[in-house]
Structure formats: structure tokens, C-alpha cells
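Everything below concerns the one structure shown next.
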Amino acid sequence: MNADKLIITLFAEDEPGVLQKVSDTVLEHDGNWLESSLSRLCGQFAGIVHLAVGKDKKAALKTALEGLAAEGISVSIHDKLAVSPDELSGTPIEVIVEANDRPGIIDEIASALADVNVNIEQMETACESASMAGYQLFIANLLVALPPDLSVEEFEEALEKVSDDLIVSIVADDE
């Protein structure tokens, strides 16, 4: 199959069948769903999907995906991929970060990671009640890629400098 790669982002009000409409559209145009990250948050459904489609069917697939707007599904199409997924590099590390919730905590963490050239591969965040303390606790689960010249210890140290209340836990690799 002489295929082109596409990345699509999708957004819709959450309801049964949203994913089916998108996947049916991809299948109808002989597209191949390579990988995705999808989630429901605050009554909305959103995601990013990596697709492959034959060069001869790409234009029709793009038109059909854009046509899903009539059904309440917003799809953005990105077909000029800067980096192939195979070209991504770095040592993958799973991390859990916990701290008192406050405005700007994401920016503080993102800045610390950027300062040491760490790439975020995946991140999920939440705020939960710190049961006995009476305040909100920020929790982030991250998968990051460390550059070759940064040790896990140096990474952890850089992240812990964000604030006194920030706790960094490196998830052990069981291999």
C-alpha cells in the first residue's frame, strides 16, 4: 500500500457513537487506524489519531472527515508531519508528580521540563481532594523522554526544584 500518514484531532460533545462515526469514515476510505489517544472530559470527547491512507484516497478521506462537522464532530487534519514516529528518541520514563494545586502549576512543570530538554510523550492530570488537609491536590502522570545527556537523577532533581511541596515519583521499570 502506497500510503500517506495523517494526524487528525477530533472534538465533539460526548455521546455514544462518536468514535464509530469517525472510524466508519476512515474504514470507508480504506484508511488504517495506526494509533490514537482519546478521552472524555467534562462531557466532551476529544482525541488525536494517527492514520495511514492510500495516496489515491487521501483527498476523499479528508473531505469526508471534514464533513463530520454536520454531525457535530469537529475534525482538524494535519498531513504535513514534521517527524516520523520512528524518529522520536530519548529514554522513556514514567513519572508521577503531586503538589498542592494552584494556578500556574502546569506552566511551572512544563518550564522545568523544557529547561532540561525533556519531551512530554503523554500526560494526564487531575485534581483531587487531599482528604485530611482540606485543599486540592494536583496529580500528573507523565511519560517523558529524557535526552541522552540527562540522567534520571538529574531529571528528578530539576523537577523537584519547581517547589517545596512537589513530590516526584519515578515509576520503576519492571524489565
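Here, A, B, ... name the chains of the C-alpha cells in the order displayed, residue numbers run from 1 inside each chain, and ligands are numbered from 1 in the same displayed order.
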I'd like the contact shell of stretch 128-135 of chain A - 12 Å cut-off, only C-alpha atoms, skipping same-chain residues fewer than 5 positions apart - returned as a list in words.
Glu98, Ala99, Asn100, Asp101, Arg102 and Ala140 of chain A
Export of the given selection (N, CA and C atoms) as a JSON list (two decimals), in the first residue's frame:
[["chain", "number", "residue", "atom", "x", "y", "z"],
["A", 98, "GLU", "N", 3.03, 15.11, 42.30],
["A", 98, "GLU", "CA", 1.96, 15.54, 43.18],
["A", 98, "GLU", "C", 2.37, 16.83, 43.86],
["A", 99, "ALA", "N", 1.41, 17.75, 44.02],
["A", 99, "ALA", "CA", 1.68, 19.02, 44.69],
["A", 99, "ALA", "C", 0.35, 19.66, 45.07],
["A", 100, "ASN", "N", 0.42, 20.67, 45.92],
["A", 100, "ASN", "CA", -0.78, 21.44, 46.21],
["A", 100, "ASN", "C", -1.21, 22.11, 44.90],
["A", 101, "ASP", "N", -2.50, 22.04, 44.61],
["A", 101, "ASP", "CA", -2.98, 22.65, 43.38],
["A", 101, "ASP", "C", -2.92, 24.17, 43.50],
["A", 102, "ARG", "N", -2.56, 24.81, 42.39],
["A", 102, "ARG", "CA", -2.51, 26.26, 42.33],
["A", 102, "ARG", "C", -2.46, 26.68, 40.88],
["A", 140, "ALA", "N", -0.18, 14.61, 38.40],
["A", 140, "ALA", "CA", 0.12, 14.45, 36.98],
["A", 140, "ALA", "C", 0.82, 13.11, 36.78]]
With DSSP run on the backbone, what are the strand (DSSP E) residues within chain A? I'd like them as a PyMOL selection string.
chain A and resi 3-13+32-41+44-54+73-78+91-100+119-130+135-146+167-171
Could you go through chain A and tell me which residues DSSP, when run on the backbone, assigns to alpha helix (DSSP H), listing them as a ChimeraX atom specification?
/A:18-28,58-67,105-115,152-160
Can I get the selected residues back with C-alpha atoms, as a PDB file, in the first residue's frame?
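Final output, result_20.pdb:
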ATOM      1  CA  VAL A  18     -18.908   9.477  18.079  1.00  0.00           C
ATOM      2  CA  LEU A  19     -15.921   7.159  17.706  1.00  0.00           C
ATOM      3  CA  GLN A  20     -17.884   4.829  15.444  1.00  0.00           C
ATOM      4  CA  LYS A  21     -18.709   7.672  13.025  1.00  0.00           C
ATOM      5  CA  VAL A  22     -15.037   8.595  12.776  1.00  0.00           C
ATOM      6  CA  SER A  23     -13.813   5.010  12.444  1.00  0.00           C
ATOM      7  CA  ASP A  24     -16.521   4.198   9.868  1.00  0.00           C
ATOM      8  CA  THR A  25     -15.359   7.184   7.804  1.00  0.00           C
ATOM      9  CA  VAL A  26     -11.733   6.035   7.960  1.00  0.00           C
ATOM     10  CA  LEU A  27     -12.696   2.470   7.032  1.00  0.00           C
ATOM     11  CA  GLU A  28     -14.936   3.573   4.137  1.00  0.00           C
ATOM     12  CA  LYS A  58      -6.405  10.741   0.817  1.00  0.00           C
ATOM     13  CA  ALA A  59      -8.352  13.697  -0.618  1.00  0.00           C
ATOM     14  CA  ALA A  60     -11.681  11.875  -0.357  1.00  0.00           C
ATOM     15  CA  LEU A  61     -10.947  10.839   3.245  1.00  0.00           C
ATOM     16  CA  LYS A  62     -10.041  14.401   4.192  1.00  0.00           C
ATOM     17  CA  THR A  63     -13.288  15.689   2.673  1.00  0.00           C
ATOM     18  CA  ALA A  64     -15.339  13.013   4.431  1.00  0.00           C
ATOM     19  CA  LEU A  65     -13.695  13.710   7.792  1.00  0.00           C
ATOM     20  CA  GLU A  66     -14.357  17.439   7.410  1.00  0.00           C
ATOM     21  CA  GLY A  67     -17.967  16.533   6.564  1.00  0.00           C
ATOM     22  CA  ILE A 105       1.472  24.591  38.260  1.00  0.00           C
ATOM     23  CA  ILE A 106       1.328  23.165  34.726  1.00  0.00           C
ATOM     24  CA  ASP A 107       3.438  26.077  33.496  1.00  0.00           C
ATOM     25  CA  GLU A 108       5.960  25.523  36.295  1.00  0.00           C
ATOM     26  CA  ILE A 109       6.298  21.826  35.431  1.00  0.00           C
ATOM     27  CA  ALA A 110       6.396  22.455  31.672  1.00  0.00           C
ATOM     28  CA  SER A 111       9.106  25.091  32.142  1.00  0.00           C
ATOM     29  CA  ALA A 112      11.207  22.762  34.296  1.00  0.00           C
ATOM     30  CA  LEU A 113      10.953  20.025  31.675  1.00  0.00           C
ATOM     31  CA  ALA A 114      11.787  22.393  28.823  1.00  0.00           C
ATOM     32  CA  ASP A 115      14.794  23.747  30.740  1.00  0.00           C
ATOM     33  CA  VAL A 152      17.151  10.074  35.746  1.00  0.00           C
ATOM     34  CA  GLU A 153      18.607  11.611  38.917  1.00  0.00           C
ATOM     35  CA  GLU A 154      19.308  14.941  37.195  1.00  0.00           C
ATOM     36  CA  PHE A 155      15.795  14.911  35.736  1.00  0.00           C
ATOM     37  CA  GLU A 156      14.219  14.235  39.122  1.00  0.00           C
ATOM     38  CA  GLU A 157      16.305  16.966  40.748  1.00  0.00           C
ATOM     39  CA  ALA A 158      15.317  19.521  38.097  1.00  0.00           C
ATOM     40  CA  LEU A 159      11.632  18.733  38.546  1.00  0.00           C
ATOM     41  CA  GLU A 160      11.785  18.843  42.338  1.00  0.00           C
TER      42      GLU A 160
END
Do you know which residues are at most 10 Å from A:Glu15 counting only C-alpha atoms, after dropping those on the same chain fewer than 4 positions away, and could you put them as a PDB file with N, CA and C atoms, in the first residue's frame?
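The resulting out-v3.pdb:
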ATOM      1  N   LEU A  19     -17.085   7.886  18.221  1.00  0.00           N
ATOM      2  CA  LEU A  19     -15.921   7.159  17.706  1.00  0.00           C
ATOM      3  C   LEU A  19     -16.293   6.285  16.514  1.00  0.00           C
ATOM      4  N   ARG A  40     -12.624  11.292  27.334  1.00  0.00           N
ATOM      5  CA  ARG A  40     -13.826  12.044  27.654  1.00  0.00           C
ATOM      6  C   ARG A  40     -13.481  12.919  28.846  1.00  0.00           C
ATOM      7  N   GLY A  43     -17.787  16.107  29.817  1.00  0.00           N
ATOM      8  CA  GLY A  43     -18.874  15.922  28.866  1.00  0.00           C
ATOM      9  C   GLY A  43     -18.485  16.091  27.411  1.00  0.00           C
ATOM     10  N   GLN A  44     -17.184  16.214  27.152  1.00  0.00           N
ATOM     11  CA  GLN A  44     -16.689  16.362  25.784  1.00  0.00           C
ATOM     12  C   GLN A  44     -15.814  15.155  25.452  1.00  0.00           C
ATOM     13  N   PHE A  45     -15.748  14.830  24.176  1.00  0.00           N
ATOM     14  CA  PHE A  45     -14.916  13.732  23.700  1.00  0.00           C
ATOM     15  C   PHE A  45     -13.876  14.333  22.773  1.00  0.00           C
TER      16      PHE A  45
END
Between A:Ile48, A:Lys55, A:Glu35, A:His29, single out the one closest to A:Asp4, counting only C-alpha atoms.
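For A:Asp4, the nearest of the candidates is A:Lys55.
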Report, in Å to a single decimal, how far apart atom CA of A:Leu143 and atom CA of A:His50 are.
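Answer for the atom CA of A:His50 to atom CA of A:Leu143 separation: 18.6 Å.
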Between atom CA of A:Leu34 and atom CA of A:Asp79, distance in Å (one decimal):
14.3 Å
